[in-house]
$ cat input_15.txt   # compact mmCIF, C-alpha atoms
# COMPACT_ATOMS: atom_id res chain seq x y z
CA MET A 993 10.24 17.79 31.18
CA HIS A 994 8.39 20.96 30.14
CA SER A 995 4.64 20.38 29.73
CA THR A 996 4.71 21.44 26.06
CA ALA A 997 7.53 18.99 25.34
CA ARG A 998 5.61 16.24 27.17
CA ARG A 999 2.52 16.91 25.11
CA SER A 1000 4.55 16.84 21.86
CA SER A 1001 6.16 13.53 22.82
CA ALA A 1002 2.83 12.02 23.77
CA LEU A 1003 1.27 13.18 20.50
CA ALA A 1004 4.17 11.68 18.51
CA LEU A 1005 3.72 8.36 20.32
CA LEU A 1006 -0.02 8.46 19.77
CA LEU A 1007 0.40 9.05 16.05
CA GLY A 1008 3.13 6.44 15.76
CA LEU A 1009 5.65 8.96 14.50
CA GLN A 1010 9.35 8.14 14.56
CA PRO A 1011 12.20 10.62 15.04
CA ALA A 1012 13.46 11.98 11.71
CA GLN A 1013 16.41 10.07 10.32
CA ALA A 1014 19.36 11.90 8.80
CA ALA A 1015 19.49 11.51 5.04
CA GLU A 1016 22.19 9.28 3.64
CA VAL A 1017 24.95 11.11 1.81
CA ILE A 1018 26.14 9.09 -1.19
CA GLY A 1019 29.57 9.62 -2.68
CA VAL A 1020 31.69 7.96 -5.34
CA ALA A 1021 35.45 7.50 -5.45
CA PHE A 1022 37.43 6.62 -8.57
CA VAL A 1023 40.52 4.52 -7.83
CA HIS A 1024 43.05 4.20 -10.65
CA GLY A 1025 45.27 1.25 -11.49
CA THR A 1026 49.04 0.82 -11.77
CA GLY A 1027 50.96 4.06 -12.15
CA VAL A 1028 51.98 7.25 -10.37
CA HIS A 1029 49.42 10.01 -10.74
CA THR A 1030 49.08 13.57 -9.51
CA ASN A 1031 46.02 14.19 -11.70
CA ALA A 1032 44.30 10.87 -12.38
CA THR A 1033 41.23 12.59 -13.85
CA ARG A 1034 43.30 13.87 -16.75
CA ASP A 1035 45.99 11.21 -17.00
CA TYR A 1036 44.15 7.98 -16.22
CA TRP A 1037 40.37 8.20 -16.48
CA GLN A 1038 39.76 11.33 -18.56
CA PRO A 1039 36.90 13.69 -17.67
CA GLY A 1040 34.25 12.02 -19.86
CA ILE A 1041 33.61 9.01 -17.66
CA ILE A 1042 33.94 10.99 -14.42
CA ASP A 1043 31.36 13.55 -15.55
CA SER A 1044 29.03 10.84 -16.84
CA VAL A 1045 29.05 8.88 -13.58
CA ARG A 1046 28.74 11.76 -11.13
CA GLN A 1047 25.48 12.85 -12.76
CA GLY A 1048 23.89 9.93 -10.93
CA LEU A 1049 24.69 11.42 -7.51
CA PRO A 1050 22.06 13.36 -5.56
CA ASP A 1051 24.84 15.93 -5.07
CA ARG A 1052 27.29 15.89 -7.99
CA ARG A 1053 29.99 17.46 -5.84
CA ASN A 1054 30.24 14.25 -3.81
CA HIS A 1055 32.92 12.57 -5.92
CA VAL A 1056 36.66 12.21 -5.58
CA VAL A 1057 39.32 11.00 -8.00
CA ILE A 1058 42.19 9.32 -6.17
CA SER A 1059 45.72 10.18 -7.28
CA CYS A 1060 48.39 8.00 -5.65
CA ASP A 1061 51.56 6.01 -6.37
CA PHE A 1062 50.28 2.58 -7.34
CA ASP A 1063 53.67 1.51 -8.67
CA GLN A 1064 54.21 0.34 -5.07
CA TYR A 1065 53.15 -2.92 -3.45
CA MET A 1066 49.51 -2.57 -2.46
CA TRP A 1067 50.14 -2.32 1.31
CA LYS A 1068 52.77 0.43 1.10
CA PRO A 1069 52.13 3.94 2.51
CA LYS A 1070 52.24 5.51 -0.96
CA ALA A 1071 49.65 2.99 -2.20
CA ALA A 1072 47.07 1.82 0.36
CA GLY A 1073 48.18 4.49 2.81
CA CYS A 1074 47.63 7.23 0.25
CA LEU A 1075 44.30 5.71 -0.77
CA ALA A 1076 43.16 5.51 2.86
CA ASP A 1077 44.20 9.10 3.48
CA GLN A 1078 42.35 10.46 0.45
CA LEU A 1079 39.22 8.38 1.06
CA THR A 1080 39.10 9.38 4.74
CA GLY A 1081 39.56 13.04 3.87
CA PHE A 1082 36.76 12.84 1.31
CA ILE A 1083 34.38 11.03 3.69
CA ASP A 1084 35.00 13.57 6.45
CA ARG A 1085 34.98 16.65 4.23
CA ARG A 1086 31.72 15.81 2.45
CA GLY A 1087 29.99 13.93 5.28
CA ILE A 1088 29.71 10.76 3.18
CA THR A 1089 27.68 7.97 4.79
CA GLN A 1090 27.56 5.58 1.79
CA LEU A 1091 30.57 5.35 -0.48
CA VAL A 1092 30.62 3.64 -3.86
CA VAL A 1093 34.15 2.88 -5.01
CA ILE A 1094 34.89 2.42 -8.71
CA THR A 1095 38.29 0.87 -9.32
CA HIS A 1096 40.22 -0.19 -12.39
CA SER A 1097 42.77 -2.97 -12.82
CA ASN A 1098 45.33 -3.04 -9.95
CA GLY A 1099 43.27 -0.46 -8.06
CA GLY A 1100 40.99 -3.35 -7.15
CA ASN A 1101 43.87 -5.07 -5.38
CA VAL A 1102 44.76 -1.97 -3.37
CA MET A 1103 41.13 -1.59 -2.35
CA ARG A 1104 40.89 -5.26 -1.45
CA TRP A 1105 43.94 -4.86 0.78
CA ILE A 1106 42.10 -2.24 2.83
CA LEU A 1107 38.89 -4.29 2.98
CA SER A 1108 40.78 -7.45 3.96
CA ASN A 1109 43.01 -5.99 6.68
CA PRO A 1110 40.92 -3.82 9.02
CA THR A 1111 43.49 -3.84 11.84
CA TYR A 1112 46.45 -2.87 9.65
CA ASP A 1113 45.73 0.86 9.75
CA ARG A 1114 43.54 2.92 12.10
CA ARG A 1115 41.84 4.56 9.10
CA TYR A 1116 40.66 1.29 7.57
CA PRO A 1117 37.66 0.49 9.84
CA LYS A 1118 35.91 3.77 9.07
CA ILE A 1119 36.44 3.28 5.34
CA ILE A 1120 35.10 -0.28 5.56
CA ARG A 1121 32.01 0.89 7.46
CA THR A 1122 31.32 3.59 4.88
CA VAL A 1123 31.90 1.64 1.65
CA ARG A 1124 28.60 0.32 0.33
CA LYS A 1125 30.05 -1.50 -2.69
CA VAL A 1126 33.09 -1.68 -4.92
CA THR A 1127 32.63 -1.79 -8.67
CA ALA A 1128 35.86 -3.26 -10.01
CA LEU A 1129 36.44 -2.60 -13.70
CA ALA A 1130 38.72 -5.28 -15.14
CA PRO A 1131 40.36 -6.06 -11.78
CA SER A 1132 43.67 -7.92 -11.85
CA SER A 1133 42.56 -10.13 -8.95
CA ALA A 1134 44.60 -13.15 -10.01
CA GLY A 1135 47.40 -11.29 -11.79
CA THR A 1136 48.46 -11.58 -15.41
CA PRO A 1137 51.07 -13.59 -17.34
CA LEU A 1138 52.14 -10.32 -18.93
CA ALA A 1139 53.49 -9.13 -15.58
CA ASP A 1140 55.62 -12.28 -15.41
CA ALA A 1141 56.88 -11.54 -18.92
CA VAL A 1142 57.84 -7.96 -18.03
CA ILE A 1143 59.64 -8.97 -14.83
CA ASN A 1144 61.44 -11.80 -16.60
CA GLY A 1145 62.82 -9.30 -19.09
CA SER A 1146 61.39 -10.74 -22.29
CA THR A 1147 60.56 -8.72 -25.38
CA PHE A 1148 57.32 -7.76 -23.66
CA GLU A 1149 59.31 -5.23 -21.63
CA THR A 1150 59.49 -2.81 -24.53
CA SER A 1151 56.09 -3.55 -26.06
CA LEU A 1152 54.22 -3.27 -22.74
CA GLY A 1153 56.06 -0.35 -21.21
CA TRP A 1154 53.18 2.01 -21.98
CA LEU A 1155 50.70 -0.31 -20.25
CA LEU A 1156 52.48 -1.74 -17.25
CA GLY A 1157 55.41 0.52 -16.64
CA PHE A 1158 58.71 -1.25 -16.23
CA ARG A 1159 59.95 -3.41 -13.41
CA ASN A 1160 58.19 -1.73 -10.51
CA ASP A 1161 56.77 -3.40 -7.42
CA ALA A 1162 53.15 -3.21 -8.59
CA VAL A 1163 54.07 -5.23 -11.68
CA ARG A 1164 55.95 -7.73 -9.51
CA GLN A 1165 52.85 -7.98 -7.33
CA GLN A 1166 50.65 -8.79 -10.34
CA GLN A 1167 52.65 -11.83 -11.38
CA VAL A 1168 50.35 -14.84 -11.37
CA GLY A 1169 52.20 -16.76 -8.66
CA HIS A 1170 52.55 -13.71 -6.45
CA MET A 1171 48.85 -12.91 -6.61
CA ALA A 1172 48.03 -16.54 -5.79
CA THR A 1173 50.07 -16.17 -2.60
CA TYR A 1174 48.51 -12.83 -1.65
CA ASN A 1175 45.02 -14.20 -2.30
CA ALA A 1176 45.73 -17.24 -0.13
CA GLN A 1177 47.32 -15.33 2.76
CA ASN A 1178 46.51 -11.62 2.74
CA LEU A 1179 43.38 -10.88 0.75
CA TYR A 1180 39.72 -11.83 1.05
CA GLY A 1181 37.18 -12.52 -1.64
CA THR A 1182 38.68 -15.36 -3.70
CA ALA A 1183 37.70 -19.03 -3.65
CA GLY A 1184 38.30 -20.69 -0.28
CA ARG A 1185 38.90 -17.38 1.49
CA PRO A 1186 36.63 -15.30 3.74
CA ALA A 1187 34.18 -13.04 1.96
CA LEU A 1188 34.93 -9.36 1.68
CA PRO A 1189 32.97 -7.18 4.12
CA THR A 1190 31.26 -5.31 1.27
CA PRO A 1191 30.15 -6.35 -2.23
CA PHE A 1192 33.02 -6.40 -4.72
CA ARG A 1193 31.57 -6.75 -8.22
CA ALA A 1194 33.64 -7.14 -11.36
CA VAL A 1195 32.96 -5.80 -14.83
CA VAL A 1196 34.81 -8.22 -17.11
CA GLY A 1197 36.41 -7.25 -20.41
CA SER A 1198 36.32 -10.20 -22.78
CA ASP A 1199 37.95 -9.15 -26.07
CA VAL A 1200 39.79 -6.44 -28.02
CA ASP A 1201 38.77 -4.88 -31.33
CA SER A 1202 41.37 -2.89 -33.27
CA SER A 1203 40.25 -2.75 -36.88
CA PRO A 1204 41.24 0.55 -38.54
CA THR A 1205 37.90 0.57 -40.37
CA ASP A 1206 35.84 0.11 -37.20
CA ALA A 1207 35.03 3.37 -35.41
CA ASP A 1208 34.54 1.49 -32.13
CA SER A 1209 38.22 0.53 -32.16
CA TYR A 1210 39.15 4.19 -31.64
CA CYS A 1211 37.34 4.59 -28.33
CA GLY A 1212 40.05 4.85 -25.69
CA GLY A 1213 42.74 5.28 -28.32
CA TYR A 1214 43.36 3.16 -31.40
CA ALA A 1215 47.09 2.68 -30.71
CA ALA A 1216 46.37 1.37 -27.21
CA ASN A 1217 43.79 -1.09 -28.52
CA LEU A 1218 46.16 -2.25 -31.24
CA GLY A 1219 48.80 -2.99 -28.61
CA LEU A 1220 46.30 -4.86 -26.48
CA GLU A 1221 45.21 -6.98 -29.42
CA PHE A 1222 48.86 -7.92 -29.92
CA THR A 1223 49.35 -8.97 -26.29
CA GLN A 1224 46.06 -10.86 -26.38
CA ASN A 1225 47.89 -13.51 -28.39
CA TRP A 1226 49.63 -14.58 -25.16
CA LEU A 1227 46.44 -14.72 -23.10
CA SER A 1228 43.38 -16.92 -23.15
CA SER A 1229 40.65 -16.60 -25.76
CA CYS A 1230 38.64 -14.59 -23.22
CA SER A 1231 40.73 -11.58 -22.26
CA ASP A 1232 40.84 -7.80 -22.52
CA GLY A 1233 44.39 -7.72 -23.87
CA PHE A 1234 45.94 -7.42 -20.42
CA LEU A 1235 43.98 -9.77 -18.19
CA ASP A 1236 42.39 -13.15 -18.71
CA CYS A 1237 38.70 -13.18 -17.86
CA SER A 1238 39.48 -15.72 -15.15
CA SER A 1239 41.69 -13.18 -13.35
CA GLN A 1240 39.02 -10.50 -13.56
CA GLN A 1241 36.46 -12.93 -12.10
CA ALA A 1242 38.69 -14.32 -9.33
CA ALA A 1243 37.50 -12.07 -6.48
CA GLY A 1244 34.02 -11.16 -5.34
CA SER A 1245 31.25 -11.64 -7.88
CA VAL A 1246 30.71 -10.78 -11.53
CA TRP A 1247 28.39 -7.85 -12.15
CA PHE A 1248 28.49 -8.39 -15.91
CA ILE A 1249 30.70 -9.48 -18.77
CA ASP A 1250 31.07 -6.53 -21.15
CA THR A 1251 29.06 -7.70 -24.18
CA ALA A 1252 26.03 -8.53 -22.03
CA ARG A 1253 25.33 -4.86 -21.32
CA THR A 1254 27.44 -2.57 -23.48
CA ARG A 1255 25.93 -0.64 -26.37
CA GLY A 1256 26.04 -2.77 -29.50
CA ALA A 1257 27.35 -5.71 -27.42
CA GLU A 1258 30.85 -4.27 -27.87
CA PRO A 1259 33.74 -5.80 -25.89
CA LEU A 1260 35.79 -3.60 -23.56
CA SER A 1261 39.55 -3.74 -23.95
CA HIS A 1262 41.60 -3.07 -20.83
CA ASN A 1263 42.00 0.53 -21.89
CA GLN A 1264 38.33 1.02 -22.79
CA SER A 1265 37.11 -0.20 -19.41
CA ARG A 1266 38.35 3.06 -17.85
CA ARG A 1267 36.77 5.26 -20.51
CA ALA A 1268 33.24 6.32 -21.43
CA CYS A 1269 33.04 3.65 -24.14
CA PHE A 1270 29.86 1.93 -25.37
CA GLY A 1271 27.60 3.25 -22.61
CA LEU A 1272 29.84 2.19 -19.71
CA GLY A 1273 29.54 5.58 -18.03
CA THR A 1274 25.74 5.36 -18.12
CA LEU A 1275 25.77 1.85 -16.66
CA LEU A 1276 27.96 2.99 -13.79
CA ARG A 1277 25.85 6.12 -13.26
CA ASN A 1278 22.57 4.22 -13.09
CA ASP A 1279 24.06 1.78 -10.59
CA LEU A 1280 25.24 4.39 -8.08
CA THR A 1281 22.08 4.53 -6.00
CA GLN A 1282 20.93 0.94 -6.57
$ encode --input "input_15.txt" --output "structure tokens"
Amino acid sequence: MHSTARRSSALALLLGLQPAQAAEVIGVAFVHGTGVHTNATRDYWQPGIIDSVRQGLPDRRNHVVISCDFDQYMWKPKAAGCLADQLTGFIDRRGITQLVVITHSNGGNVMRWILSNPTYDRRYPKIIRTVRKVTALAPSSAGTPLADAVINGSTFETSLGWLLGFRNDAVRQQQVGHMATYNAQNLYGTAGRPALPTPFRAVVGSDVDSSPTDADSYCGGYAANLGLEFTQNWLSSCSDGFLDCSSQQAAGSVWFIDTARTRGAEPLSHNQSRRACFGLGTLLRNDLTQ
């Protein structure tokens, strides 16, 4: 070793200095729910919540909005395969070392598939190592009776077409009995199953408001909230119009139930939990680096 280098090393040891560590690079990925999307920012989330959340990043460019075909079963190439491809590309392109994933509805199931099956795809282990936490907004972890109603061809098929799509495989997957089987055999994080390798925290929507005289009912779209209040009649008293609270709480842990933290203690309907409603964007933003 050169004498100057030896002296520098000795001085560093004497002073107790440690080699400089590379700074962590934090990124956030938004993973949509059921549906086929080529531009999920516009068609699923809308820019308001994306822009609100990414302000909490040290580098606001380090975000990605996933756009895949989640009308498929969660393990299919166009679903989990597409998600894995886009997450891996984002991690590599931006040098992400800590990834926060924000999912909505069935997107939580697709993400859980990746986290639960590390040997299924060569891309999964790197994603699992990089993901620091998953924030699951109204995840359909235990399915919904409304999916059963759509598949069984009841009158729900026409009234829920805007929300669920028609008889596609993702809706079949979200039938209550089907999700019970997947949770027992293929997915981690539910009662009696191994824990997920990274925190999976649910934000639970507990009610729907759709009064025409209440301005809060218009956040996320009044017509959508009106439809969700109608379907709530076939769910439990605690639901977001699409999912019972028990389904949303079935995997991982509960971060919070809507009214505990939203502005004005407002509930989040299933549509509002993917919008910048009642301070949700700020809550997600402040949590990014926690």
$ axis_aligned_box --input "input_15.txt" --around "segment 1260-1266 of chain A" --padding-each-side "3 Å" --output "AutoDock Vina command-line options"
--center_x 38.9 --center_y -0.3 --center_z -20.9 --size_x 12.2 --size_y 12.8 --size_z 12.1
$ residues_around --input "input_15.txt" --residues "Ala1183 of chain A" --least-positions-apart "2" --cutoff "8 Å" --atoms "only C-alpha atoms" --output "number ranges by chain"
A: 1181, 1185, 1242-1243
$ closest_atom_pairs --input "input_15.txt" --of "segment 1057-1089 of chain A" --to "segment 1100-1123 of chain A" --cutoff "9 Å" --atoms "all atoms listed in the file" --output "JSON lines"
{"residue": "A:Phe1062", "atom": "CA", "partner": "A:Val1102", "partner_atom": "CA", "distance": 8.2}
{"residue": "A:Tyr1065", "atom": "CA", "partner": "A:Val1102", "partner_atom": "CA", "distance": 8.4}
{"residue": "A:Met1066", "atom": "CA", "partner": "A:Val1102", "partner_atom": "CA", "distance": 4.9}
{"residue": "A:Trp1067", "atom": "CA", "partner": "A:Trp1105", "partner_atom": "CA", "distance": 6.7}
{"residue": "A:Ala1071", "atom": "CA", "partner": "A:Val1102", "partner_atom": "CA", "distance": 7.1}
{"residue": "A:Ala1072", "atom": "CA", "partner": "A:Val1102", "partner_atom": "CA", "distance": 5.8}
{"residue": "A:Gly1073", "atom": "CA", "partner": "A:Asp1113", "partner_atom": "CA", "distance": 8.2}
{"residue": "A:Leu1075", "atom": "CA", "partner": "A:Met1103", "partner_atom": "CA", "distance": 8.1}
{"residue": "A:Ala1076", "atom": "CA", "partner": "A:Arg1115", "partner_atom": "CA", "distance": 6.4}
{"residue": "A:Asp1077", "atom": "CA", "partner": "A:Arg1115", "partner_atom": "CA", "distance": 7.6}
{"residue": "A:Leu1079", "atom": "CA", "partner": "A:Ile1119", "partner_atom": "CA", "distance": 7.2}
{"residue": "A:Thr1080", "atom": "CA", "partner": "A:Ile1119", "partner_atom": "CA", "distance": 6.7}
{"residue": "A:Ile1083", "atom": "CA", "partner": "A:Thr1122", "partner_atom": "CA", "distance": 8.1}
{"residue": "A:Ile1088", "atom": "CA", "partner": "A:Thr1122", "partner_atom": "CA", "distance": 7.5}
{"residue": "A:Thr1089", "atom": "CA", "partner": "A:Thr1122", "partner_atom": "CA", "distance": 5.7}
$ closest_residue --input "input_15.txt" --among "A:Cys1074, A:Val1092, A:Leu1188, A:Leu1138" --to "Gln1224 of chain A" --atoms "all atoms listed in the file"
A:Leu1138
$ atom_distance --input "input_15.txt" --atom1 "atom CA of Thr1190 of chain A" --atom2 "atom CA of Thr1281 of chain A"
15.3 Å
$ residues_around --input "input_15.txt" --residues "Arg1267 of chain A" --least-positions-apart "2" --cutoff "7 Å" --atoms "all atoms listed in the file" --output "PyMOL selection string"
chain A and resi 1037+1041+1212+1264-1265+1269
$ build_atoms --input "input_15.txt" --residues "segment 1243-1254 of chain A" --atoms "all heavy atoms" --output "tab-separated table (two decimals), in the frame of the given file"
chain	number	residue	atom	x	y	z
A	1243	ALA	N	37.90	-12.57	-7.80
A	1243	ALA	CA	37.50	-12.07	-6.48
A	1243	ALA	C	36.08	-11.52	-6.53
A	1243	ALA	O	35.65	-10.96	-7.55
A	1243	ALA	CB	38.46	-10.97	-6.02
A	1244	GLY	N	35.38	-11.69	-5.42
A	1244	GLY	CA	34.02	-11.16	-5.34
A	1244	GLY	C	33.08	-11.86	-6.29
A	1244	GLY	O	33.12	-13.08	-6.46
A	1245	SER	N	32.23	-11.09	-6.94
A	1245	SER	CA	31.25	-11.64	-7.88
A	1245	SER	C	31.36	-10.88	-9.19
A	1245	SER	O	31.96	-9.81	-9.27
A	1245	SER	CB	29.83	-11.52	-7.31
A	1245	SER	OG	29.50	-10.15	-7.10
A	1246	VAL	N	30.74	-11.43	-10.22
A	1246	VAL	CA	30.71	-10.78	-11.53
A	1246	VAL	C	29.43	-9.96	-11.64
A	1246	VAL	O	28.33	-10.51	-11.49
A	1246	VAL	CB	30.80	-11.81	-12.67
A	1246	VAL	CG1	30.61	-11.12	-14.03
A	1246	VAL	CG2	32.14	-12.54	-12.62
A	1247	TRP	N	29.56	-8.68	-11.87
A	1247	TRP	CA	28.39	-7.85	-12.15
A	1247	TRP	C	27.92	-8.13	-13.57
A	1247	TRP	O	26.79	-8.53	-13.78
A	1247	TRP	CB	28.71	-6.38	-11.95
A	1247	TRP	CG	27.56	-5.45	-12.24
A	1247	TRP	CD1	26.22	-5.79	-12.29
A	1247	TRP	CD2	27.63	-4.05	-12.53
A	1247	TRP	NE1	25.47	-4.68	-12.61
A	1247	TRP	CE2	26.29	-3.61	-12.75
A	1247	TRP	CE3	28.67	-3.14	-12.62
A	1247	TRP	CZ2	26.01	-2.27	-13.06
A	1247	TRP	CZ3	28.38	-1.81	-12.92
A	1247	TRP	CH2	27.06	-1.39	-13.14
A	1248	PHE	N	28.81	-7.98	-14.55
A	1248	PHE	CA	28.49	-8.39	-15.91
A	1248	PHE	C	29.75	-8.53	-16.73
A	1248	PHE	O	30.79	-7.96	-16.41
A	1248	PHE	CB	27.52	-7.41	-16.59
A	1248	PHE	CG	28.06	-6.02	-16.85
A	1248	PHE	CD1	28.71	-5.70	-18.04
A	1248	PHE	CD2	27.86	-5.01	-15.92
A	1248	PHE	CE1	29.18	-4.42	-18.28
A	1248	PHE	CE2	28.32	-3.72	-16.16
A	1248	PHE	CZ	28.99	-3.43	-17.34
A	1249	ILE	N	29.65	-9.38	-17.75
A	1249	ILE	CA	30.70	-9.48	-18.77
A	1249	ILE	C	30.32	-8.50	-19.87
A	1249	ILE	O	29.17	-8.43	-20.30
A	1249	ILE	CB	30.80	-10.92	-19.30
A	1249	ILE	CG1	31.25	-11.85	-18.16
A	1249	ILE	CG2	31.77	-11.00	-20.48
A	1249	ILE	CD1	31.26	-13.31	-18.52
A	1250	ASP	N	31.28	-7.71	-20.31
A	1250	ASP	CA	31.07	-6.53	-21.15
A	1250	ASP	C	29.92	-6.66	-22.16
A	1250	ASP	O	28.96	-5.88	-22.13
A	1250	ASP	CB	32.36	-6.13	-21.85
A	1250	ASP	CG	33.08	-7.29	-22.54
A	1250	ASP	OD1	32.50	-8.39	-22.69
A	1250	ASP	OD2	34.25	-7.09	-22.95
A	1251	THR	N	29.99	-7.63	-23.05
A	1251	THR	CA	29.06	-7.70	-24.18
A	1251	THR	C	27.60	-7.92	-23.76
A	1251	THR	O	26.69	-7.68	-24.55
A	1251	THR	CB	29.47	-8.80	-25.16
A	1251	THR	OG1	29.57	-10.05	-24.44
A	1251	THR	CG2	30.82	-8.48	-25.80
A	1252	ALA	N	27.40	-8.32	-22.51
A	1252	ALA	CA	26.03	-8.53	-22.03
A	1252	ALA	C	25.29	-7.22	-21.83
A	1252	ALA	O	24.05	-7.20	-21.86
A	1252	ALA	CB	26.05	-9.34	-20.74
A	1253	ARG	N	26.01	-6.11	-21.65
A	1253	ARG	CA	25.33	-4.86	-21.32
A	1253	ARG	C	25.83	-3.65	-22.12
A	1253	ARG	O	25.17	-2.60	-22.08
A	1253	ARG	CB	25.47	-4.56	-19.82
A	1253	ARG	CG	24.81	-5.60	-18.95
A	1253	ARG	CD	24.45	-5.02	-17.59
A	1253	ARG	NE	23.85	-6.01	-16.72
A	1253	ARG	CZ	23.30	-5.74	-15.55
A	1253	ARG	NH1	23.26	-4.49	-15.11
A	1253	ARG	NH2	22.79	-6.70	-14.81
A	1254	THR	N	26.94	-3.74	-22.77
A	1254	THR	CA	27.44	-2.57	-23.48
A	1254	THR	C	26.62	-2.28	-24.73
A	1254	THR	O	25.96	-3.17	-25.28
A	1254	THR	CB	28.91	-2.77	-23.90
A	1254	THR	OG1	29.03	-4.02	-24.59
A	1254	THR	CG2	29.83	-2.75	-22.71
